[in-house]
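Content type compact mmCIF, C-alpha atoms, from the file my_file27.txt:
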# COMPACT_ATOMS: atom_id res chain seq x y z
CA MET A 45 41.69 93.55 141.74
CA LEU A 46 39.56 95.64 144.14
CA THR A 47 37.55 92.53 145.04
CA ARG A 48 40.76 90.65 145.84
CA VAL A 49 42.00 93.41 148.15
CA CYS A 50 38.61 93.56 149.92
CA ILE A 51 38.73 89.81 150.59
CA TYR A 52 42.22 90.16 152.09
CA VAL A 53 41.06 92.94 154.41
CA ALA A 54 37.98 90.94 155.43
CA LEU A 55 40.20 88.06 156.51
CA LEU A 56 42.18 90.37 158.76
CA ILE A 57 39.04 91.84 160.34
CA ALA A 58 37.65 88.37 161.03
CA ALA A 59 40.90 87.00 162.45
CA PRO A 60 40.39 87.98 166.13
CA ILE A 61 37.48 85.54 166.48
CA PHE A 62 39.89 82.58 166.48
CA PRO A 63 40.59 81.04 169.88
CA GLN A 64 43.67 81.99 171.86
CA ALA A 65 46.48 79.45 171.83
CA ILE A 66 50.18 79.11 172.60
CA SER A 67 53.12 77.03 171.34
CA PRO A 68 52.58 77.53 167.59
CA VAL A 69 53.87 74.95 165.13
CA ASN A 70 57.00 76.56 163.69
CA PRO A 71 58.82 76.21 160.35
CA ALA A 72 62.09 75.78 162.27
CA PRO A 73 63.04 74.34 165.68
CA ALA A 74 62.05 76.57 168.59
CA GLN A 75 63.51 77.01 172.05
CA ASN A 76 60.52 75.15 173.46
CA ASN A 77 61.42 71.47 172.96
CA ASP A 78 57.73 70.51 172.79
CA GLN A 79 57.42 72.29 169.46
CA MET A 80 58.29 70.46 166.24
CA ALA A 81 59.53 72.07 163.05
CA THR A 82 57.73 71.76 159.72
CA PRO A 83 60.69 70.79 157.45
CA PRO A 84 61.21 72.54 154.08
CA PRO A 85 60.18 69.50 151.96
CA VAL A 86 56.63 69.72 153.40
CA SER A 87 56.31 73.28 154.73
CA GLY A 88 54.84 74.60 151.47
CA VAL A 89 56.72 77.91 151.69
CA ALA A 90 59.95 79.11 150.12
CA TYR A 91 63.14 79.67 152.07
CA PRO A 92 63.25 83.16 153.63
CA THR A 93 65.98 85.38 152.19
CA ALA A 94 65.54 88.55 154.27
CA LEU A 95 68.59 89.44 156.34
CA GLY A 96 68.26 89.15 160.08
CA ALA A 97 68.34 92.91 160.49
CA ASP A 98 65.43 93.22 158.03
CA VAL A 99 63.20 90.66 159.74
CA ARG A 100 60.40 92.46 161.55
CA SER A 101 56.66 92.28 162.07
CA ASN A 102 53.74 94.44 163.18
CA TYR A 103 54.19 97.29 160.76
CA LEU A 104 52.48 99.25 158.01
CA ARG A 105 54.87 100.17 155.22
CA GLY A 106 54.36 102.26 152.12
CA GLY A 107 56.61 103.69 149.50
CA MET A 108 57.47 104.61 145.96
CA THR A 109 60.15 103.27 143.61
CA LEU A 110 61.34 104.97 140.43
CA VAL A 111 63.16 102.71 137.97
CA THR A 112 64.94 103.30 134.69
CA ALA A 113 66.18 100.32 132.68
CA TYR A 114 68.03 99.60 129.46
CA ILE A 115 67.15 96.36 127.64
CA ASP A 116 69.45 95.32 124.79
CA ASN A 117 66.97 92.92 123.16
CA ILE A 118 63.30 93.19 124.01
CA TYR A 119 62.29 90.63 121.34
CA PRO A 120 65.07 88.05 121.64
CA GLY A 121 65.49 85.63 118.77
CA ASN A 122 63.38 87.62 116.30
CA GLY A 123 65.93 89.00 113.86
CA SER A 124 68.16 91.94 114.80
CA PRO A 125 68.23 92.91 118.49
CA THR A 126 65.79 95.68 119.41
CA ALA A 127 66.81 97.91 122.31
CA GLU A 128 64.39 99.70 124.63
CA THR A 129 64.62 102.08 127.55
CA THR A 130 61.90 101.86 130.22
CA PHE A 131 60.78 104.15 133.01
CA SER A 132 58.67 102.71 135.84
CA ILE A 133 56.71 104.19 138.72
CA LEU A 134 56.01 101.58 141.40
CA PRO A 135 53.99 102.54 144.48
CA SER A 136 53.55 99.86 147.14
CA ILE A 137 51.94 99.21 150.50
CA ASP A 138 52.71 96.37 152.94
CA PHE A 139 50.84 95.27 156.05
CA ASP A 140 52.28 92.78 158.53
CA GLN A 141 50.77 91.84 161.89
CA THR A 142 51.76 89.10 164.32
CA THR A 143 49.95 88.01 167.51
CA PRO A 144 50.39 84.91 169.69
CA ILE A 145 47.86 83.06 167.50
CA ARG A 146 48.20 84.49 164.02
CA HIS A 147 50.43 86.08 161.41
CA ALA A 148 48.99 88.10 158.52
CA ALA A 149 50.89 89.84 155.72
CA ILE A 150 49.49 91.68 152.71
CA THR A 151 51.39 93.35 149.88
CA PHE A 152 49.88 95.39 147.06
CA SER A 153 52.00 97.02 144.36
CA PRO A 154 50.58 98.43 141.13
CA GLY A 155 53.04 99.59 138.48
CA PHE A 156 53.24 101.99 135.55
CA THR A 157 55.91 101.35 132.90
CA PHE A 158 56.70 103.57 129.90
CA TYR A 159 58.76 102.38 126.92
CA GLN A 160 60.99 104.41 124.62
CA PRO A 161 60.90 104.43 121.64
CA SER A 162 58.01 101.88 121.53
CA SER A 163 55.37 103.83 123.45
CA GLN A 164 52.66 101.38 122.33
CA LEU A 165 54.14 98.94 124.89
CA ASN A 166 53.32 101.22 127.84
CA GLU A 167 51.56 99.21 130.54
CA VAL A 168 49.87 99.13 133.91
CA ASP A 169 50.83 96.22 136.18
CA GLU A 170 49.22 94.72 139.27
CA ASN A 171 50.92 92.67 141.99
CA ALA A 172 49.36 91.45 145.21
CA SER A 173 50.08 88.77 147.79
CA LEU A 174 48.52 87.42 150.98
CA ALA A 175 50.10 85.22 153.64
CA TYR A 176 47.98 84.19 156.60
CA GLN A 177 48.54 81.68 159.40
CA VAL A 178 46.37 81.02 162.44
CA GLN A 179 46.89 78.78 165.45
CA LEU A 180 43.75 76.69 166.02
CA THR A 181 44.98 74.80 169.10
CA PRO A 182 48.34 74.70 170.91
CA HIS A 183 49.60 72.18 168.34
CA SER A 184 47.59 72.70 165.16
CA SER A 185 47.64 75.51 162.61
CA ILE A 186 46.29 76.54 159.22
CA ARG A 187 48.29 78.51 156.64
CA VAL A 188 47.02 80.08 153.38
CA ASN A 189 48.95 81.99 150.70
CA ASP A 190 47.88 83.70 147.51
CA GLY A 191 50.02 85.53 144.97
CA PHE A 192 48.67 87.46 141.98
CA ARG A 193 50.70 89.06 139.19
CA TYR A 194 49.57 90.79 135.99
CA SER A 195 52.58 92.13 134.11
CA SER A 196 54.62 91.94 130.93
CA THR A 197 58.00 92.32 132.61
CA SER A 198 59.56 88.88 133.02
CA PHE A 199 62.48 90.38 134.90
CA SER A 200 61.41 91.83 138.21
CA SER A 201 61.53 95.58 138.58
CA VAL A 202 63.96 95.65 141.49
CA ALA A 203 65.92 92.89 143.25
CA SER A 204 65.46 90.36 140.49
CA GLU A 205 63.44 87.20 141.01
CA ILE A 206 63.96 85.68 137.57
CA GLY A 207 64.92 82.39 139.14
CA GLY A 208 61.86 82.44 141.36
CA ALA A 209 61.73 81.58 145.07
CA VAL A 210 63.88 78.70 146.30
CA SER A 211 61.74 75.80 147.51
CA GLY A 212 62.68 72.80 149.59
CA SER A 213 60.70 70.37 147.41
CA ALA A 214 60.39 69.46 143.73
CA GLN A 215 57.71 71.55 142.01
CA PRO A 216 55.14 70.08 139.55
CA ILE A 217 55.16 73.04 137.11
CA THR A 218 57.77 72.97 134.33
CA PRO A 219 60.54 75.41 135.39
CA GLY A 220 62.50 77.93 133.35
CA ILE A 221 59.79 78.95 130.87
CA ILE A 222 60.12 82.73 130.50
CA ALA A 223 58.40 84.83 127.83
CA PRO A 224 60.36 88.11 127.99
CA PHE A 225 58.11 91.17 128.03
CA ALA A 226 54.91 89.31 127.07
CA LYS A 227 51.78 90.20 129.01
CA GLN A 228 50.78 87.41 131.38
CA LEU A 229 48.55 86.79 134.37
CA THR A 230 49.64 84.35 137.05
CA ASN A 231 47.95 83.34 140.28
CA ILE A 232 49.24 80.81 142.81
CA ALA A 233 47.11 79.86 145.82
CA ASP A 234 47.88 77.22 148.44
CA GLY A 235 46.89 76.22 151.94
CA GLU A 236 48.08 73.77 154.58
CA PHE A 237 46.80 72.22 157.82
CA VAL A 238 49.36 70.89 160.32
CA LEU A 239 48.69 68.86 163.49
CA GLN A 240 51.37 67.89 166.00
CA MET A 241 50.02 64.67 167.53
CA SER A 242 52.75 64.16 170.12
CA ARG A 243 56.11 65.55 171.12
CA SER A 244 57.79 63.79 168.16
CA SER A 245 55.11 63.17 165.50
CA MET A 246 53.19 65.41 163.13
CA ILE A 247 50.80 65.05 160.20
CA GLY A 248 49.68 67.58 157.62
CA ALA A 249 47.66 68.10 154.44
CA SER A 250 47.81 70.81 151.79
CA GLY A 251 46.22 71.94 148.53
CA THR A 252 47.48 74.11 145.65
CA ALA A 253 45.96 75.77 142.58
CA THR A 254 47.73 77.76 139.85
CA THR A 255 46.68 79.75 136.78
CA LEU A 256 48.77 81.03 133.85
CA HIS A 257 47.08 83.16 131.18
CA TYR A 258 48.54 84.98 128.15
CA PRO A 259 46.06 87.77 127.13
CA ASN A 260 47.84 88.26 123.78
CA PRO A 261 48.72 84.82 122.31
CA SER A 262 50.59 86.44 119.40
CA GLU A 263 53.27 87.57 121.88
CA VAL A 264 54.01 83.99 122.98
CA THR A 265 53.89 81.86 119.85
CA GLY A 266 54.34 78.23 120.93
CA LEU A 267 53.31 78.82 124.55
CA TYR A 268 49.78 78.32 125.89
CA ASP A 269 47.54 78.97 128.88
CA SER A 270 47.69 76.40 131.65
CA SER A 271 46.28 75.65 135.08
CA SER A 272 46.80 73.09 137.82
CA HIS A 273 45.38 71.85 141.08
CA GLY A 274 46.61 69.27 143.53
CA GLY A 275 47.03 68.12 147.09
CA SER A 276 49.42 66.33 149.40
CA GLY A 277 49.64 64.71 152.80
CA PHE A 278 52.66 64.03 154.99
CA TYR A 279 53.87 62.35 158.15
CA ASN A 280 56.77 64.00 160.00
CA ARG A 281 58.80 62.29 162.75
CA ARG A 282 61.39 63.96 165.00
CA ILE A 283 64.24 61.52 165.56
CA SER A 284 66.40 63.97 167.57
CA GLU A 285 66.23 67.61 168.61
CA SER A 286 67.65 68.68 165.23
CA GLN A 287 66.72 65.83 162.84
CA TYR A 288 63.43 64.98 161.14
CA LEU A 289 62.36 62.02 159.01
CA GLY A 290 59.09 61.50 157.18
CA ALA A 291 57.09 60.63 154.10
CA THR A 292 54.74 62.49 151.79
CA PHE A 293 52.20 61.71 149.07
CA ASN A 294 51.60 64.25 146.29
CA TYR A 295 49.00 64.50 143.53
CA THR A 296 48.81 67.22 140.84
CA ASP A 297 46.62 67.60 137.75
CA VAL A 298 48.11 69.98 135.16
CA PHE A 299 46.14 71.26 132.13
CA ALA A 300 47.40 73.06 129.01
CA TYR A 301 45.13 74.66 126.44
CA PRO A 302 46.46 74.83 122.86
CA PRO A 303 43.91 75.90 120.18
CA ASN A 304 41.11 73.37 119.73
CA ALA A 305 42.79 70.87 122.04
CA GLU A 306 43.63 70.09 125.66
CA SER A 307 46.49 68.36 127.43
CA ASP A 308 46.02 66.75 130.86
CA THR A 309 49.09 65.62 132.83
CA GLN A 310 48.46 63.79 136.09
CA LEU A 311 51.36 63.45 138.51
CA GLN A 312 51.43 61.44 141.72
CA GLY A 313 54.23 60.13 143.86
CA ILE A 314 55.39 58.94 147.26
CA SER A 315 58.67 60.18 148.68
CA GLY A 316 60.65 60.08 151.87
CA PHE A 317 62.47 63.09 153.30
CA TYR A 318 65.18 63.85 155.82
CA THR A 319 65.97 67.29 157.30
CA ILE A 320 68.69 68.32 159.72
CA TYR A 321 69.15 71.67 161.48
CA PRO A 322 72.92 71.79 162.29
CA ARG A 323 72.48 75.22 163.89
CA GLN A 324 69.80 77.84 164.39
CA LYS A 325 68.30 79.12 161.11
CA LEU A 326 70.32 76.64 159.04
CA SER A 327 68.68 73.58 157.46
CA LEU A 328 69.69 70.82 155.04
CA SER A 329 67.04 68.65 153.37
CA VAL A 330 66.85 65.76 150.92
CA SER A 331 63.82 63.89 149.57
CA GLY A 332 63.05 61.37 146.87
CA GLY A 333 60.82 58.55 145.69
CA PRO A 334 58.92 57.04 142.74
CA GLN A 335 56.64 59.24 140.63
CA ASN A 336 53.89 58.13 138.27
CA TYR A 337 52.70 60.33 135.41
CA GLN A 338 49.84 59.98 132.94
CA VAL A 339 49.37 62.19 129.88
CA LYS A 340 46.13 62.62 127.95
CA GLU A 341 46.23 64.78 124.81
CA THR A 342 43.52 65.47 122.27
CA GLY A 343 43.82 63.03 119.37
CA LEU A 344 46.56 60.94 121.01
CA SER A 345 46.56 57.77 123.09
CA THR A 346 46.96 58.04 126.87
CA PHE A 347 50.57 57.61 127.94
CA SER A 348 51.68 56.48 131.43
CA ALA A 349 55.02 55.63 133.05
CA TRP A 350 57.11 55.84 136.23
CA ASP A 351 60.14 58.01 136.96
CA PRO A 352 62.19 58.87 140.06
CA SER A 353 61.81 62.25 141.76
CA ILE A 354 64.57 63.73 143.92
CA SER A 355 65.18 67.06 145.62
CA THR A 356 67.83 68.53 147.88
CA SER A 357 68.07 72.01 149.39
CA ILE A 358 69.82 74.24 151.91
CA GLY A 359 68.67 77.41 153.63
CA TRP A 360 70.49 79.76 155.98
CA GLN A 361 69.23 83.10 157.33
CA GLY A 362 71.81 85.01 159.33
CA LEU A 363 72.00 88.53 160.70
CA HIS A 364 74.06 89.86 157.78
CA THR A 365 73.95 86.98 155.25
CA SER A 366 71.23 84.79 153.80
CA LEU A 367 71.55 81.84 151.42
CA ALA A 368 69.09 79.46 149.79
CA ALA A 369 69.81 76.86 147.12
CA SER A 370 68.10 73.77 145.73
CA TYR A 371 68.29 71.07 143.06
CA SER A 372 65.36 68.96 141.90
CA GLN A 373 64.67 66.34 139.26
CA SER A 374 61.11 65.25 138.50
CA VAL A 375 58.37 65.01 135.88
CA THR A 376 56.50 68.30 135.40
CA GLY A 377 53.83 69.89 133.23
CA GLY A 378 52.28 73.23 132.31
CA GLY A 379 54.17 76.49 132.62
CA GLY A 380 53.15 77.36 129.06
CA LEU A 381 54.11 74.00 127.50
CA VAL A 382 51.97 71.08 126.36
CA GLY A 383 52.55 67.56 127.71
CA ALA A 384 54.86 66.13 130.36
CA PHE A 385 58.56 66.86 130.77
CA HIS A 386 61.45 65.37 132.68
CA SER A 387 62.86 68.49 134.34
CA LYS A 388 66.08 69.28 136.14
CA ASN A 389 66.22 72.58 137.99
CA ALA A 390 68.93 74.21 140.12
CA ASN A 391 68.60 77.65 141.63
CA ALA A 392 70.26 79.73 144.31
CA THR A 393 70.08 83.17 145.85
CA VAL A 394 72.39 84.94 148.30
CA ARG A 395 72.38 88.32 150.07
CA TRP A 396 75.18 89.89 152.08
CA GLN A 397 75.14 93.11 154.09
CA ILE A 398 78.76 94.17 153.81
CA SER A 399 78.28 97.32 155.89
CA ARG A 400 75.55 99.37 157.49
CA ALA A 401 74.80 101.11 154.17
CA TRP A 402 75.67 98.50 151.52
CA VAL A 403 73.91 95.22 150.61
CA ILE A 404 74.82 93.04 147.65
CA GLY A 405 72.90 90.10 146.23
CA ALA A 406 73.03 87.53 143.46
CA GLY A 407 70.78 84.83 142.07
CA ALA A 408 70.99 82.16 139.39
CA ASP A 409 68.66 79.56 137.90
CA TYR A 410 69.30 76.69 135.50
CA ALA A 411 66.51 74.52 134.08
CA ILE A 412 66.44 71.88 131.38
CA SER A 413 63.37 69.87 130.38
CA ARG A 414 62.85 67.11 127.83
CA THR A 415 59.56 65.62 126.74
CA VAL A 416 58.54 62.23 128.09
CA SER A 417 55.30 61.90 126.13
CA PRO A 418 54.02 62.32 122.55
CA LEU A 419 53.51 65.97 121.66
CA ILE A 420 51.26 67.81 119.25
CA PHE A 421 54.31 69.77 118.12
CA THR A 422 57.48 68.70 116.34
CA GLY A 423 61.07 69.65 117.05
CA VAL A 424 63.99 68.66 119.25
CA PRO A 425 62.43 67.72 122.62
CA ASN A 426 64.49 70.01 124.87
CA VAL A 427 63.83 73.30 126.65
CA ARG A 428 66.71 74.99 128.41
CA SER A 429 67.05 78.29 130.27
CA VAL A 430 69.86 79.97 132.20
CA SER A 431 69.26 83.18 134.11
CA ALA A 432 71.34 85.23 136.52
CA SER A 433 71.06 88.52 138.35
CA SER A 434 73.13 90.70 140.64
CA THR A 435 72.18 93.70 142.77
CA VAL A 436 73.98 96.38 144.75
CA THR A 437 71.95 98.51 147.16
CA ARG A 438 73.13 101.68 148.91
CA ALA A 439 71.08 102.96 151.86
CA ILE A 440 71.21 106.75 151.63
CA ASN A 441 69.23 107.11 154.85
CA GLN A 442 66.54 105.17 156.73
CA GLN A 443 63.93 105.92 154.07
CA LEU A 444 65.88 106.24 150.82
CA ASN A 445 67.73 103.47 148.90
CA LEU A 446 69.63 103.42 145.61
CA THR A 447 69.84 100.08 143.75
CA PHE A 448 71.83 98.93 140.71
CA GLU A 449 70.84 95.66 139.04
CA TYR A 450 71.97 93.54 136.11
CA ASP A 451 69.98 90.61 134.66
CA ARG A 452 70.96 88.06 132.02
CA LEU A 453 68.63 85.53 130.36
CA HIS A 454 69.37 82.79 127.83
CA GLU A 455 66.77 80.31 126.57
CA SER A 456 66.52 77.65 123.88
CA TYR A 457 63.20 76.13 122.78
CA GLY A 458 64.10 73.15 120.64
CA VAL A 459 60.81 71.50 121.58
CA ILE A 460 58.76 74.27 119.98
CA ALA A 461 59.51 74.81 116.32
CA THR A 462 57.82 78.22 116.27
CA ARG A 463 59.76 79.64 119.21
CA PRO A 464 63.16 81.36 118.75
CA SER A 465 66.00 78.84 118.77
CA SER A 466 68.27 80.86 121.07
CA PRO A 467 66.72 83.98 122.64
CA ASP A 468 68.97 86.14 124.82
CA SER A 469 68.30 89.34 126.71
CA ASP A 470 70.23 91.63 129.05
CA ARG A 471 68.86 94.33 131.29
CA ALA A 472 70.54 96.96 133.45
CA THR A 473 68.52 99.08 135.90
CA VAL A 474 68.96 101.94 138.32
CA SER A 475 66.25 102.55 140.89
CA VAL A 476 65.55 104.92 143.74
CA SER A 477 63.20 103.73 146.51
CA TRP A 478 61.55 105.78 149.22
CA GLN A 479 59.50 104.20 151.99
CA PHE A 480 57.96 104.91 155.35
CA THR A 481 57.26 102.43 158.15
CA ARG A 482 54.75 102.74 160.97
CA PRO A 483 54.67 100.22 163.86
CA LEU A 484 51.41 98.47 164.69
CA GLY A 485 50.28 97.54 168.18
CA GLN A 486 50.12 93.85 168.99
As structure tokens, how would this structure be written, given the file I've shared?
Amino acid sequence: MLTRVCIYVALLIAAPIFPQAISPVNPAPAQNNDQMATPPPVSGVAYPTALGADVRSNYLRGGMTLVTAYIDNIYPGNGSPTAETTFSILPSIDFDQTTPIRHAAITFSPGFTFYQPSSQLNEVDENASLAYQVQLTPHSSIRVNDGFRYSSTSFSSVASEIGGAVSGSAQPITPGIIAPFAKQLTNIADGEFVLQMSRSSMIGASGTATTLHYPNPSEVTGLYDSSSHGGSGFYNRRISESQYLGATFNYTDVFAYPPNAESDTQLQGISGFYTIYPRQKLSLSVSGGPQNYQVKETGLSTFSAWDPSISTSIGWQGLHTSLAASYSQSVTGGGGLVGAFHSKNANATVRWQISRAWVIGAGADYAISRTVSPLIFTGVPNVRSVSASSTVTRAINQQLNLTFEYDRLHESYGVIATRPSSPDSDRATVSVSWQFTRPLGQ
């Protein structure tokens, strides 16, 4: 982890050597009509959900969060429900700096969680993320992101993210696979290059790599380590000041690693997309096209077929309200499962600042996947998950917040005979957060 943090810092130190430039390529339409947007289906980043009043840059922020939670079923589906109470100490530090040619953001948050009565479950967590974008020329930019998480808490500690970030495009990793309170390491890295060739045309290319590792396989019977890598290219055309039309090609190779075997799922597809910005900070997108998948599994014949892939999404970021929602249907792989799956996924998140001191939020995610290839395992070929969360935050003063949160998770693993048939878990938390913020010079 120390090596990872050092690399992040080195990137920031090296950043000033890049050439000065103006008119950056933006993720949304800018006041300057010469600048094109990078629409959500090809931007490679999730919809922002921060409220307008919370959006800021050039700061150093640190803090501490104390969390107590009650979980009604820590081992869902395994006999009688087992309740646990947890206590967490979560320090954090955030760095965000913006200049005319770059934006850099780093977050590091270790965690210490104590269980009662099962003290043998006590754990130390690590969470870190990097987001970095630099303007190479007036109309070209490079963006890189990396997110690392080592934890056994499937539900987030505060402000639940059980549904994950809302994306504007269909994702290649099988959604909705949650192993409650099982130790896991995840890392997601991606990068993108964008070039605006003229006032109304743009091209771009990106690459992505993911890793999922379960250190204790006995905690996740029926789920396995997986990894993926892939790339994409797109053409983006502005057909009016607020409308964009384009096409993209995607390729992803997903691997799963059951004992003494390997599963390789290759996904590739061509899709068209359309995005409209009816007003500032509001976007609507739709994309779709044919998708080819090929599955190679140890001891089984290679299987290949075609299937349609579609995705639609909406994002709105206002001063006191933010909303993001999406629906996608595509062939996916990995995520702890073996083989290829036809997946449908819908998720949404909303935040509303009802007064100066009160903010409420809610999120929901629904995913269902069915196998589209021969599997090593037997069972009904369906995986389904439904998750929801709600939060209420009270700002006591500028540095102190009190948050109440409720999470609900339901899963069924008919595809995996050794997994519980209907695991359910509820969690209620109360947390107190203290933080300080120091402005940084530009």
**Prompt:** Could you name the residues that touch Ser387 of chain A at 8 Å or less, counting all atoms listed in the file, but leaving out those on the same chain fewer than 5 positions away, as a PyMOL selection string?
**Reply:** chain A and resi 218-219+372-376+411-414
**Prompt:** Separation of atom CA of Asn280 of chain A and atom CA of Thr143 of chain A, in Å?
**Reply:**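 Taking atom CA of Asn280 of chain A as the start and atom CA of Thr143 of chain A as the end point, the length is 26.1 Å.
The space between atom CA of Ser307 of chain A and atom CA of Ala233 of chain A spans 21.7 Å.
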**Complete:** Min atom-atom distance to Ala90 of chain A from the set A:Ile145, A:Ala214, A:Ile440, A:Ala172, counting only C-alpha atoms, belongs to A:Ala214
**Prompt:** A:Glu285, A:Gln338, A:Trp350, A:Asp140: which is nearest Ile320 of chain A, counting all atoms listed in the file?
**Reply:** A:Glu285
**Item:** Non-local contacts of Ser433 of chain A (7 Å; all atoms listed in the file; under 4 positions in same chain excluded) as a list in words
**Value:**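 Residues meeting the cut-off are Ser204, Ala406, Gly407, Ala408, Tyr450, Asp451 and Arg452 of chain A.
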**atom CA of Ala369 of chain A to atom CA of Trp396 of chain A, straight-line distance in Å** =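 Interatomic distance, atom CA of Trp396 of chain A to atom CA of Ala369 of chain A: 14.9 Å.
Between Ser370 of chain A and the candidates A:Gly212, A:Gly332, A:Pro182, A:Gly405, the tightest atom-to-atom separation, counting only C-alpha atoms, involves A:Gly212.
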**Request:** Could you tell me which of A:Phe299, A:Phe278, A:Tyr114, A:Trp478 comes closest to Ile217 of chain A if we count only C-alpha atoms?
**Result:**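 The shortest atom-to-atom distance to Ile217 of chain A comes from A:Phe299.
For Glu170 of chain A, the set of protein, DNA and RNA residues having any atom at most 9 Å away, when counting only C-alpha atoms and skipping those fewer than 6 positions along the same chain, is A:Met45, A:Phe152, A:Ser153, A:Pro154, A:Gly155, A:Phe192, A:Arg193, A:Tyr194, A:Ser195.
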**Prompt:** Which neighbours of Ala226 of chain A fall inside 8 Å, counting only C-alpha atoms, when residues of the same chain fewer than 2 positions from it are skipped, and could you give them as a list in words?
**Reply:**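 Returned residues: Ser195, Ser196, Thr197, Ser198, Ala223, Pro224, Gln228, Tyr258, Asn260, Glu263 and Val264 of chain A.
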**Message:** For Gly362 of chain A, find every residue with an atom within 8 Å (counting all atoms listed in the file), except residues of its own chain fewer than 3 positions away, and show them as a VMD selection string.
**Reply:** chain A and resid 95 to 96 325 365 to 366
